[in-house]
$ cat input_12.cif   # mmCIF, C-alpha atoms
data_run
loop_
_atom_site.group_PDB
_atom_site.id
_atom_site.type_symbol
_atom_site.label_atom_id
_atom_site.label_comp_id
_atom_site.auth_asym_id
_atom_site.auth_seq_id
_atom_site.Cartn_x
_atom_site.Cartn_y
_atom_site.Cartn_z
ATOM 1 C CA MET A 10 -3.895 -43.529 -9.875
ATOM 2 C CA LYS A 11 -3.435 -43.908 -13.616
ATOM 3 C CA ALA A 12 -0.100 -42.521 -14.833
ATOM 4 C CA LEU A 13 0.897 -41.809 -18.438
ATOM 5 C CA LEU A 14 4.624 -41.625 -19.208
ATOM 6 C CA LEU A 15 5.508 -39.966 -22.509
ATOM 7 C CA THR A 16 9.008 -40.343 -23.894
ATOM 8 C CA GLU A 17 11.177 -41.205 -26.904
ATOM 9 C CA GLY A 18 14.049 -43.460 -27.880
ATOM 10 C CA SER A 19 15.579 -45.187 -30.889
ATOM 11 C CA SER A 20 18.766 -46.642 -32.324
ATOM 12 C CA SER A 21 19.731 -43.134 -33.511
ATOM 13 C CA ILE A 22 19.025 -41.071 -30.365
ATOM 14 C CA GLY A 23 19.644 -43.711 -27.683
ATOM 15 C CA HIS A 24 17.527 -45.134 -24.875
ATOM 16 C CA GLY A 25 18.341 -42.912 -21.886
ATOM 17 C CA HIS A 26 14.906 -41.295 -21.712
ATOM 18 C CA ILE A 27 13.212 -44.691 -21.789
ATOM 19 C CA THR A 28 15.446 -46.010 -19.003
ATOM 20 C CA ARG A 29 14.477 -43.080 -16.779
ATOM 21 C CA CYS A 30 10.796 -43.558 -17.506
ATOM 22 C CA LEU A 31 11.055 -47.294 -16.840
ATOM 23 C CA SER A 32 12.465 -46.414 -13.422
ATOM 24 C CA LEU A 33 9.427 -44.264 -12.675
ATOM 25 C CA TYR A 34 7.140 -46.937 -14.161
ATOM 26 C CA GLN A 35 8.501 -49.444 -11.630
ATOM 27 C CA ALA A 36 8.058 -46.953 -8.800
ATOM 28 C CA PHE A 37 4.440 -46.273 -9.811
ATOM 29 C CA GLU A 38 3.752 -50.017 -9.819
ATOM 30 C CA THR A 39 5.520 -50.601 -6.515
ATOM 31 C CA LEU A 40 3.428 -47.880 -4.861
ATOM 32 C CA GLY A 41 0.151 -49.311 -6.173
ATOM 33 C CA HIS A 42 -0.544 -47.146 -9.226
ATOM 34 C CA GLU A 43 -1.247 -48.009 -12.892
ATOM 35 C CA PRO A 44 1.471 -46.739 -15.279
ATOM 36 C CA PHE A 45 1.363 -46.759 -19.081
ATOM 37 C CA LEU A 46 4.276 -45.913 -21.404
ATOM 38 C CA LEU A 47 3.772 -44.141 -24.728
ATOM 39 C CA VAL A 48 7.069 -44.140 -26.627
ATOM 40 C CA ALA A 49 8.006 -42.414 -29.873
ATOM 41 C CA GLY A 50 10.580 -44.939 -31.074
ATOM 42 C CA ASP A 51 11.648 -47.763 -33.355
ATOM 43 C CA SER A 52 12.017 -51.533 -33.058
ATOM 44 C CA SER A 53 15.243 -51.185 -31.035
ATOM 45 C CA VAL A 54 13.220 -50.189 -27.951
ATOM 46 C CA GLU A 55 10.890 -53.184 -27.903
ATOM 47 C CA SER A 56 13.136 -55.390 -25.766
ATOM 48 C CA LEU A 57 13.366 -52.640 -23.130
ATOM 49 C CA LEU A 58 9.587 -52.446 -22.904
ATOM 50 C CA LYS A 59 8.929 -56.179 -22.683
ATOM 51 C CA ASP A 60 6.245 -57.040 -20.103
ATOM 52 C CA LYS A 61 5.386 -53.341 -19.629
ATOM 53 C CA ASN A 62 2.052 -51.727 -20.490
ATOM 54 C CA HIS A 63 3.132 -49.673 -23.473
ATOM 55 C CA ARG A 64 2.608 -48.560 -27.050
ATOM 56 C CA ILE A 65 5.117 -47.439 -29.677
ATOM 57 C CA PHE A 66 3.493 -44.339 -31.130
ATOM 58 C CA ASP A 67 4.850 -41.097 -32.606
ATOM 59 C CA TRP A 68 3.028 -38.831 -30.206
ATOM 60 C CA HIS A 69 5.145 -35.834 -31.274
ATOM 61 C CA LYS A 70 3.401 -35.718 -34.644
ATOM 62 C CA ASN A 71 0.003 -36.651 -33.224
ATOM 63 C CA TRP A 72 -0.025 -34.791 -29.925
ATOM 64 C CA LYS A 73 -3.247 -32.909 -30.615
ATOM 65 C CA THR A 74 -5.070 -36.237 -30.855
ATOM 66 C CA LEU A 75 -3.317 -37.402 -27.696
ATOM 67 C CA ILE A 76 -4.339 -34.271 -25.781
ATOM 68 C CA GLU A 77 -8.006 -35.120 -26.299
ATOM 69 C CA LYS A 78 -7.508 -38.308 -24.231
ATOM 70 C CA ILE A 79 -5.033 -36.948 -21.686
ATOM 71 C CA GLU A 80 -7.661 -36.315 -19.023
ATOM 72 C CA ASP A 81 -8.157 -40.079 -18.691
ATOM 73 C CA TYR A 82 -4.970 -40.015 -16.567
ATOM 74 C CA ASN A 83 -4.402 -38.682 -13.059
ATOM 75 C CA VAL A 84 -0.671 -38.160 -13.638
ATOM 76 C CA VAL A 85 1.349 -37.327 -16.758
ATOM 77 C CA VAL A 86 5.143 -37.535 -17.028
ATOM 78 C CA VAL A 87 6.984 -36.056 -20.019
ATOM 79 C CA ASP A 88 10.638 -36.934 -20.694
ATOM 80 C CA SER A 89 11.499 -35.457 -24.076
ATOM 81 C CA TYR A 90 13.957 -33.278 -25.978
ATOM 82 C CA LEU A 91 11.506 -32.954 -28.876
ATOM 83 C CA ALA A 92 8.131 -31.974 -27.377
ATOM 84 C CA SER A 93 7.052 -28.422 -28.112
ATOM 85 C CA GLU A 94 6.424 -25.764 -25.480
ATOM 86 C CA GLU A 95 2.831 -25.600 -26.695
ATOM 87 C CA PHE A 96 2.419 -29.287 -25.843
ATOM 88 C CA TYR A 97 3.634 -28.724 -22.277
ATOM 89 C CA GLN A 98 1.202 -25.824 -21.922
ATOM 90 C CA GLU A 99 -1.705 -28.044 -22.950
ATOM 91 C CA ILE A 100 -0.629 -30.781 -20.512
ATOM 92 C CA SER A 101 -0.387 -28.241 -17.716
ATOM 93 C CA LYS A 102 -3.904 -26.928 -18.354
ATOM 94 C CA ARG A 103 -5.560 -30.339 -18.540
ATOM 95 C CA VAL A 104 -3.853 -32.452 -15.856
ATOM 96 C CA LYS A 105 -3.567 -31.731 -12.129
ATOM 97 C CA ARG A 106 -0.404 -33.785 -11.501
ATOM 98 C CA LYS A 107 2.321 -33.362 -14.116
ATOM 99 C CA LEU A 108 6.065 -33.923 -14.146
ATOM 100 C CA TYR A 109 8.547 -32.630 -16.716
ATOM 101 C CA ILE A 110 11.973 -34.289 -16.770
ATOM 102 C CA ASP A 111 14.659 -31.806 -17.752
ATOM 103 C CA ASP A 112 18.445 -31.900 -18.220
ATOM 104 C CA TYR A 113 19.505 -28.417 -19.266
ATOM 105 C CA LYS A 114 16.661 -25.908 -18.717
ATOM 106 C CA ARG A 115 15.383 -26.741 -22.217
ATOM 107 C CA ILE A 116 12.238 -24.595 -22.236
ATOM 108 C CA ASP A 117 10.228 -22.210 -20.059
ATOM 109 C CA TYR A 118 8.132 -24.837 -18.265
ATOM 110 C CA PRO A 119 4.494 -24.158 -17.280
ATOM 111 C CA SER A 120 3.010 -24.996 -13.866
ATOM 112 C CA GLY A 121 3.848 -28.483 -12.619
ATOM 113 C CA ILE A 122 6.933 -30.239 -11.272
ATOM 114 C CA VAL A 123 10.314 -30.105 -13.024
ATOM 115 C CA LEU A 124 12.678 -32.984 -12.273
ATOM 116 C CA ASN A 125 16.404 -32.715 -12.899
ATOM 117 C CA GLY A 126 18.273 -35.425 -11.019
ATOM 118 C CA GLY A 127 21.628 -34.326 -12.425
ATOM 119 C CA VAL A 128 24.635 -33.928 -10.183
ATOM 120 C CA TYR A 129 24.903 -30.406 -11.657
ATOM 121 C CA ALA A 130 21.185 -29.478 -11.367
ATOM 122 C CA TYR A 131 21.533 -26.680 -8.807
ATOM 123 C CA GLU A 132 24.042 -24.873 -11.023
ATOM 124 C CA LEU A 133 21.375 -24.208 -13.676
ATOM 125 C CA ALA A 134 19.602 -21.540 -11.579
ATOM 126 C CA TYR A 135 16.063 -22.484 -12.574
ATOM 127 C CA PRO A 136 13.610 -19.543 -12.445
ATOM 128 C CA GLN A 137 11.207 -19.369 -9.506
ATOM 129 C CA LYS A 138 7.622 -19.193 -10.773
ATOM 130 C CA MET A 139 4.184 -19.474 -9.213
ATOM 131 C CA GLY A 140 2.821 -23.003 -9.622
ATOM 132 C CA LEU A 141 6.209 -24.504 -10.557
ATOM 133 C CA LYS A 142 8.089 -26.833 -8.211
ATOM 134 C CA TYR A 143 11.545 -28.346 -8.669
ATOM 135 C CA LEU A 144 13.003 -31.703 -7.649
ATOM 136 C CA LEU A 145 16.718 -31.200 -8.142
ATOM 137 C CA GLY A 146 19.867 -33.258 -7.661
ATOM 138 C CA PRO A 147 20.788 -36.960 -7.365
ATOM 139 C CA ARG A 148 18.432 -37.398 -4.401
ATOM 140 C CA TYR A 149 15.714 -37.550 -7.074
ATOM 141 C CA ILE A 150 17.518 -39.353 -9.900
ATOM 142 C CA PRO A 151 15.253 -42.203 -11.086
ATOM 143 C CA LEU A 152 17.086 -45.538 -11.165
ATOM 144 C CA ARG A 153 15.690 -48.908 -12.191
ATOM 145 C CA SER A 154 14.497 -51.105 -9.329
ATOM 146 C CA ALA A 155 17.565 -53.353 -9.646
ATOM 147 C CA PHE A 156 19.559 -50.418 -8.245
ATOM 148 C CA TRP A 157 17.274 -49.595 -5.330
ATOM 149 C CA LYS A 158 19.146 -52.044 -3.125
ATOM 150 C CA VAL A 159 22.758 -52.919 -3.859
ATOM 151 C CA LYS A 160 25.081 -55.271 -1.997
ATOM 152 C CA ARG A 161 28.321 -54.039 -0.491
ATOM 153 C CA ARG A 162 31.158 -53.563 -2.992
ATOM 154 C CA ASN A 163 34.445 -55.362 -2.559
ATOM 155 C CA ILE A 164 37.270 -53.008 -3.530
ATOM 156 C CA ARG A 165 40.239 -55.105 -4.584
ATOM 157 C CA GLN A 166 43.776 -54.022 -3.759
ATOM 158 C CA LYS A 167 44.693 -54.637 -7.391
ATOM 159 C CA ALA A 168 42.280 -53.863 -10.209
ATOM 160 C CA LYS A 169 41.407 -56.865 -12.395
ATOM 161 C CA ARG A 170 38.469 -55.878 -14.611
ATOM 162 C CA ILE A 171 37.436 -52.885 -16.695
ATOM 163 C CA LEU A 172 33.830 -52.401 -17.815
ATOM 164 C CA ILE A 173 33.236 -50.651 -21.155
ATOM 165 C CA THR A 174 29.712 -49.347 -21.766
ATOM 166 C CA PHE A 175 28.584 -46.756 -24.308
ATOM 167 C CA GLY A 176 24.807 -46.964 -24.061
ATOM 168 C CA GLY A 177 22.296 -48.836 -26.133
ATOM 169 C CA ASP A 178 23.568 -47.796 -29.552
ATOM 170 C CA ASP A 179 27.188 -46.532 -29.407
ATOM 171 C CA SER A 180 26.382 -44.189 -32.290
ATOM 172 C CA LYS A 181 29.887 -42.669 -32.172
ATOM 173 C CA ASN A 182 31.607 -46.079 -32.468
ATOM 174 C CA MET A 183 33.627 -45.560 -29.286
ATOM 175 C CA THR A 184 33.529 -49.137 -27.966
ATOM 176 C CA PRO A 185 35.966 -50.749 -30.451
ATOM 177 C CA LYS A 186 38.323 -47.745 -30.328
ATOM 178 C CA VAL A 187 38.488 -47.728 -26.545
ATOM 179 C CA LEU A 188 38.640 -51.519 -26.249
ATOM 180 C CA LYS A 189 41.446 -51.955 -28.772
ATOM 181 C CA SER A 190 43.634 -49.294 -27.149
ATOM 182 C CA LEU A 191 43.024 -50.349 -23.555
ATOM 183 C CA ARG A 192 43.582 -54.005 -24.332
ATOM 184 C CA GLU A 193 46.969 -53.203 -25.830
ATOM 185 C CA HIS A 194 47.910 -50.950 -22.913
ATOM 186 C CA PHE A 195 46.625 -53.090 -20.021
ATOM 187 C CA LYS A 196 47.604 -56.571 -21.107
ATOM 188 C CA ASP A 197 46.965 -58.230 -17.737
ATOM 189 C CA LEU A 198 43.385 -56.961 -17.262
ATOM 190 C CA GLU A 199 40.029 -58.475 -18.209
ATOM 191 C CA PHE A 200 37.515 -56.410 -20.189
ATOM 192 C CA LEU A 201 33.738 -56.637 -19.733
ATOM 193 C CA VAL A 202 32.143 -55.093 -22.820
ATOM 194 C CA VAL A 203 28.444 -54.248 -22.979
ATOM 195 C CA VAL A 204 26.820 -54.463 -26.421
ATOM 196 C CA GLY A 205 23.407 -52.824 -26.854
ATOM 197 C CA LYS A 206 20.503 -53.677 -29.133
ATOM 198 C CA GLY A 207 21.082 -50.578 -31.249
ATOM 199 C CA PHE A 208 24.768 -51.278 -31.965
ATOM 200 C CA ARG A 209 25.742 -51.234 -35.637
ATOM 201 C CA ASN A 210 29.362 -52.166 -34.936
ATOM 202 C CA ILE A 211 28.887 -55.579 -33.306
ATOM 203 C CA GLU A 212 31.036 -57.396 -35.901
ATOM 204 C CA GLU A 213 33.921 -54.994 -35.315
ATOM 205 C CA ILE A 214 33.646 -55.473 -31.550
ATOM 206 C CA SER A 215 33.226 -59.247 -31.785
ATOM 207 C CA ALA A 216 36.459 -59.463 -33.775
ATOM 208 C CA LEU A 217 38.286 -58.185 -30.678
ATOM 209 C CA ALA A 218 36.833 -60.820 -28.332
ATOM 210 C CA ASP A 219 39.264 -63.321 -26.819
ATOM 211 C CA LYS A 220 40.141 -64.722 -23.370
ATOM 212 C CA GLN A 221 40.900 -61.161 -22.240
ATOM 213 C CA VAL A 222 37.654 -59.693 -23.640
ATOM 214 C CA ASN A 223 34.128 -60.815 -22.697
ATOM 215 C CA LEU A 224 31.070 -59.467 -24.532
ATOM 216 C CA PHE A 225 27.660 -59.078 -22.876
ATOM 217 C CA GLU A 226 24.542 -58.455 -24.956
ATOM 218 C CA GLY A 227 20.918 -57.968 -23.967
ATOM 219 C CA LEU A 228 21.606 -57.531 -20.262
ATOM 220 C CA SER A 229 18.746 -57.014 -17.827
ATOM 221 C CA ALA A 230 19.020 -54.271 -15.213
ATOM 222 C CA GLU A 231 20.019 -56.937 -12.713
ATOM 223 C CA GLY A 232 22.668 -58.249 -15.097
ATOM 224 C CA MET A 233 24.051 -54.756 -15.594
ATOM 225 C CA ARG A 234 24.189 -54.196 -11.836
ATOM 226 C CA GLU A 235 26.154 -57.417 -11.288
ATOM 227 C CA LEU A 236 28.566 -56.542 -14.098
ATOM 228 C CA MET A 237 29.186 -53.132 -12.542
ATOM 229 C CA LEU A 238 29.881 -54.772 -9.192
ATOM 230 C CA LEU A 239 32.252 -57.230 -10.849
ATOM 231 C CA ALA A 240 34.260 -54.451 -12.507
ATOM 232 C CA ASP A 241 36.875 -52.352 -10.726
ATOM 233 C CA ILE A 242 36.728 -49.467 -13.197
ATOM 234 C CA ALA A 243 34.247 -48.375 -15.879
ATOM 235 C CA ILE A 244 34.762 -46.521 -19.152
ATOM 236 C CA SER A 245 31.400 -45.024 -19.988
ATOM 237 C CA ALA A 246 29.452 -42.465 -21.945
ATOM 238 C CA GLY A 247 28.175 -39.615 -19.791
ATOM 239 C CA GLY A 248 24.445 -40.288 -19.547
ATOM 240 C CA GLN A 249 22.043 -42.134 -17.251
ATOM 241 C CA THR A 250 24.470 -45.031 -16.749
ATOM 242 C CA THR A 251 26.741 -42.785 -14.680
ATOM 243 C CA TYR A 252 24.158 -42.718 -11.876
ATOM 244 C CA GLU A 253 23.931 -46.501 -11.837
ATOM 245 C CA LEU A 254 27.719 -46.683 -11.679
ATOM 246 C CA ALA A 255 27.718 -44.221 -8.781
ATOM 247 C CA ARG A 256 25.057 -46.228 -6.977
ATOM 248 C CA VAL A 257 27.170 -49.393 -7.016
ATOM 249 C CA GLY A 258 30.424 -47.466 -6.478
ATOM 250 C CA THR A 259 32.252 -48.275 -9.709
ATOM 251 C CA PRO A 260 34.757 -45.448 -10.396
ATOM 252 C CA ALA A 261 34.536 -44.238 -13.966
ATOM 253 C CA VAL A 262 36.293 -42.522 -16.839
ATOM 254 C CA LEU A 263 33.682 -40.622 -18.842
ATOM 255 C CA VAL A 264 33.519 -39.685 -22.514
ATOM 256 C CA ALA A 265 30.819 -37.242 -23.618
ATOM 257 C CA VAL A 266 29.194 -38.550 -26.800
ATOM 258 C CA ALA A 267 26.317 -36.032 -26.870
ATOM 259 C CA GLU A 268 26.092 -32.365 -25.907
ATOM 260 C CA ASN A 269 23.517 -33.106 -23.219
ATOM 261 C CA GLN A 270 26.148 -35.194 -21.407
ATOM 262 C CA LEU A 271 28.690 -32.404 -20.974
ATOM 263 C CA LEU A 272 27.264 -30.952 -17.752
ATOM 264 C CA ASN A 273 26.912 -34.436 -16.321
ATOM 265 C CA CYS A 274 30.487 -35.463 -17.111
ATOM 266 C CA LYS A 275 31.941 -32.269 -15.684
ATOM 267 C CA GLY A 276 29.699 -32.505 -12.622
ATOM 268 C CA TRP A 277 30.902 -36.011 -11.761
ATOM 269 C CA HIS A 278 34.503 -34.956 -12.351
ATOM 270 C CA ASN A 279 34.119 -31.951 -10.051
ATOM 271 C CA ILE A 280 32.740 -33.907 -7.093
ATOM 272 C CA GLY A 281 35.342 -36.653 -7.463
ATOM 273 C CA PHE A 282 33.419 -39.735 -8.558
ATOM 274 C CA ALA A 283 34.717 -39.862 -12.142
ATOM 275 C CA PHE A 284 37.393 -38.494 -14.443
ATOM 276 C CA TYR A 285 36.105 -36.622 -17.478
ATOM 277 C CA ALA A 286 38.307 -37.585 -20.428
ATOM 278 C CA GLY A 287 36.670 -35.216 -22.908
ATOM 279 C CA TRP A 288 34.517 -34.964 -26.005
ATOM 280 C CA TRP A 289 34.398 -38.055 -28.204
ATOM 281 C CA GLU A 290 35.882 -36.197 -31.215
ATOM 282 C CA ASP A 291 38.893 -34.817 -29.330
ATOM 283 C CA LYS A 292 42.127 -35.859 -31.039
ATOM 284 C CA ASP A 293 43.640 -37.048 -27.762
ATOM 285 C CA ILE A 294 40.529 -38.671 -26.294
ATOM 286 C CA ILE A 295 41.969 -42.222 -26.256
ATOM 287 C CA GLU A 296 45.209 -41.025 -24.672
ATOM 288 C CA LYS A 297 43.226 -39.261 -21.940
ATOM 289 C CA VAL A 298 41.089 -42.350 -21.329
ATOM 290 C CA ILE A 299 44.271 -44.384 -20.822
ATOM 291 C CA THR A 300 45.853 -41.758 -18.557
ATOM 292 C CA HIS A 301 42.774 -41.492 -16.308
ATOM 293 C CA THR A 302 42.397 -45.267 -16.198
ATOM 294 C CA GLU A 303 45.977 -45.547 -14.980
ATOM 295 C CA SER A 304 45.149 -43.060 -12.202
ATOM 296 C CA ILE A 305 42.180 -45.131 -11.010
ATOM 297 C CA MET A 306 44.330 -48.244 -10.809
ATOM 298 C CA ASP A 307 45.535 -46.918 -7.450
ATOM 299 C CA TYR A 308 43.583 -48.622 -4.652
ATOM 300 C CA LYS A 309 43.222 -45.452 -2.559
ATOM 301 C CA VAL A 310 41.901 -43.512 -5.544
ATOM 302 C CA ARG A 311 39.311 -46.197 -6.326
ATOM 303 C CA GLU A 312 38.267 -46.401 -2.695
ATOM 304 C CA LYS A 313 37.726 -42.649 -2.443
ATOM 305 C CA MET A 314 35.830 -42.416 -5.746
ATOM 306 C CA ALA A 315 33.568 -45.335 -4.820
ATOM 307 C CA LYS A 316 32.626 -43.648 -1.534
ATOM 308 C CA VAL A 317 31.752 -40.412 -3.323
ATOM 309 C CA GLY A 318 29.509 -42.242 -5.802
ATOM 310 C CA LYS A 319 27.607 -44.248 -3.199
ATOM 311 C CA LYS A 320 27.185 -41.202 -0.955
ATOM 312 C CA THR A 321 25.799 -39.158 -3.852
ATOM 313 C CA VAL A 322 23.244 -41.695 -5.164
ATOM 314 C CA ASP A 323 21.188 -43.832 -2.767
ATOM 315 C CA GLY A 324 18.895 -45.397 -5.397
ATOM 316 C CA LYS A 325 15.593 -44.165 -3.936
ATOM 317 C CA GLY A 326 15.028 -41.274 -6.347
ATOM 318 C CA ALA A 327 12.211 -42.843 -8.401
ATOM 319 C CA LEU A 328 10.209 -43.676 -5.277
ATOM 320 C CA ARG A 329 10.678 -40.145 -3.906
ATOM 321 C CA VAL A 330 9.490 -38.621 -7.181
ATOM 322 C CA VAL A 331 6.355 -40.777 -7.417
ATOM 323 C CA LYS A 332 5.465 -40.125 -3.775
ATOM 324 C CA GLU A 333 5.771 -36.395 -4.425
ATOM 325 C CA LEU A 334 3.606 -36.642 -7.535
ATOM 326 C CA THR A 335 0.822 -38.657 -5.919
ATOM 327 C CA LYS A 336 0.607 -37.142 -2.456
ATOM 328 C CA ASP A 337 -2.564 -35.332 -1.438
#
$ encode --input "input_12.cif" --output "structure tokens"
Amino acid sequence: MKALLLTEGSSSIGHGHITRCLSLYQAFETLGHEPFLLVAGDSSVESLLKDKNHRIFDWHKNWKTLIEKIEDYNVVVVDSYLASEEFYQEISKRVKRKLYIDDYKRIDYPSGIVLNGGVYAYELAYPQKMGLKYLLGPRYIPLRSAFWKVKRRNIRQKAKRILITFGGDDSKNMTPKVLKSLREHFKDLEFLVVVGKGFRNIEEISALADKQVNLFEGLSAEGMRELMLLADIAISAGGQTTYELARVGTPAVLVAVAENQLLNCKGWHNIGFAFYAGWWEDKDIIEKVITHTESIMDYKVREKMAKVGKKTVDGKGALRVVKELTKD
């Protein structure tokens, strides 16, 4: 089958949607289908799409032209916060197999399949409608193929490394703030700091690098997986990365840097995989990050949190979704 994946991403809005769609792209390929990515984005997304069949195109502004060609595809996936309800209606009328990725019950979706792989998905009480099916919860969360199979984690008695990752752009400039404070507080720990292509604060972060601080830029999915396994604790934004952390069992302290991350952060906190430190603008956010990090230093706490994460996310979500979409 030919599958069209429509999404968006840029240095200003981040790359989470693209990462999810790449996960489904890999699942389509693995199961013998022909995926194509159409991305409304800027130059910051090009490295993510390397070696993938794709086009950078502002389909939001040109969707009526796109609709005329939509019937060339057997399957259409839409992962967007910007697409209009009218657009979804047109997709629903013209394509038999359609999937809408949702995070917070954004619109009244037409017939098709709605995917919300969030740990909080069942709490949203989606409306039951004729012709509308739901795939809800982490069982269906799409992860990149590097996270489909993960080696066993070694939980050290004493924590040695902290991973700091705030997405592909760190638009709220959290990385240097968190790194500077944690480095001063935990003087005997090593810091693994992920720098994304969309970062505008690389010079500020690089100035903090020393034998205690290691920077990693342009990581592949496999590289990110190995870094997560190497770390004992992660300080992270509250988006898609949290599911990869759960998959490898890296306990986390989460900071919400966008409103669409709030449910996710609180959901992980409630089930016991992560501590939610708060909203990025909170006056005491750094103090809370430090306090929660100190709590996770305890071996028993890390062991328990790691088990919760790995039990919640098994990595097979993308394959389950594609099988559901393409079954007869």
$ resolve_selection --input "input_12.cif" --expression "the PyMOL selection byres ((chain A and resi 305) around 9)" --output "list of chain:residue names"
A:Ala168, A:Asp241, A:Ile242, A:Pro260, A:Ala261, A:Val262, A:Phe284, A:His301, A:Thr302, A:Glu303, A:Ser304, A:Met306, A:Asp307, A:Tyr308, A:Lys309, A:Val310, A:Arg311, A:Met314
$ closest_residue --input "input_12.cif" --among "A:Ser93, A:Ser215, A:Ser229, A:Gln221" --to "Asp117 of chain A" --atoms "only C-alpha atoms"
A:Ser93
$ closest_residue --input "input_12.cif" --among "A:Leu33, A:Ala315, A:Ala216, A:Val85" --to "Arg161 of chain A" --atoms "all atoms listed in the file"
A:Ala315
$ closest_residue --input "input_12.cif" --among "A:Glu95, A:Glu231, A:Glu77, A:Glu333" --to "Ile116 of chain A" --atoms "only C-alpha atoms"
A:Glu95
$ residues_near_point --input "input_12.cif" --point "(4.6, -42.4, -36.6)" --cutoff "12 Å" --atoms "all atoms listed in the file" --output "mmCIF file with C-alpha atoms, in the frame of the given file"
data_model
loop_
_atom_site.group_PDB
_atom_site.id
_atom_site.type_symbol
_atom_site.label_atom_id
_atom_site.label_comp_id
_atom_site.auth_asym_id
_atom_site.auth_seq_id
_atom_site.Cartn_x
_atom_site.Cartn_y
_atom_site.Cartn_z
ATOM 1 C CA GLU A 17 11.177 -41.205 -26.904
ATOM 2 C CA VAL A 48 7.069 -44.140 -26.627
ATOM 3 C CA ALA A 49 8.006 -42.414 -29.873
ATOM 4 C CA GLY A 50 10.580 -44.939 -31.074
ATOM 5 C CA ASP A 51 11.648 -47.763 -33.355
ATOM 6 C CA ARG A 64 2.608 -48.560 -27.050
ATOM 7 C CA ILE A 65 5.117 -47.439 -29.677
ATOM 8 C CA PHE A 66 3.493 -44.339 -31.130
ATOM 9 C CA ASP A 67 4.850 -41.097 -32.606
ATOM 10 C CA TRP A 68 3.028 -38.831 -30.206
ATOM 11 C CA HIS A 69 5.145 -35.834 -31.274
ATOM 12 C CA LYS A 70 3.401 -35.718 -34.644
ATOM 13 C CA ASN A 71 0.003 -36.651 -33.224
ATOM 14 C CA TRP A 72 -0.025 -34.791 -29.925
#
$ resolve_selection --input "input_12.cif" --expression "the PyMOL selection byres ((chain A and resi 34-37) around 9)" --output "MDAnalysis selection string"
chainID A and resid 10 12 14 29:33 38:46 61 151 153:154 327:332
$ closest_residue --input "input_12.cif" --among "A:Ala230, A:Glu268, A:Val222, A:Phe208" --to "Ser53 of chain A" --atoms "only C-alpha atoms"
A:Phe208
$ resolve_selection --input "input_12.cif" --expression "the PyMOL selection byres ((chain A and resi 130-143) around 12)" --output "ChimeraX atom specification"
/A:101-102,105-129,144-150,272-273,275-277,330,333-334
$ residues_near_point --input "input_12.cif" --point "(42.8, -44.3, -22.8)" --cutoff "12 Å" --atoms "only C-alpha atoms" --output "ChimeraX atom specification"
/A:171,173,183-184,186-195,243-245,262-264,284-287,289,292-305
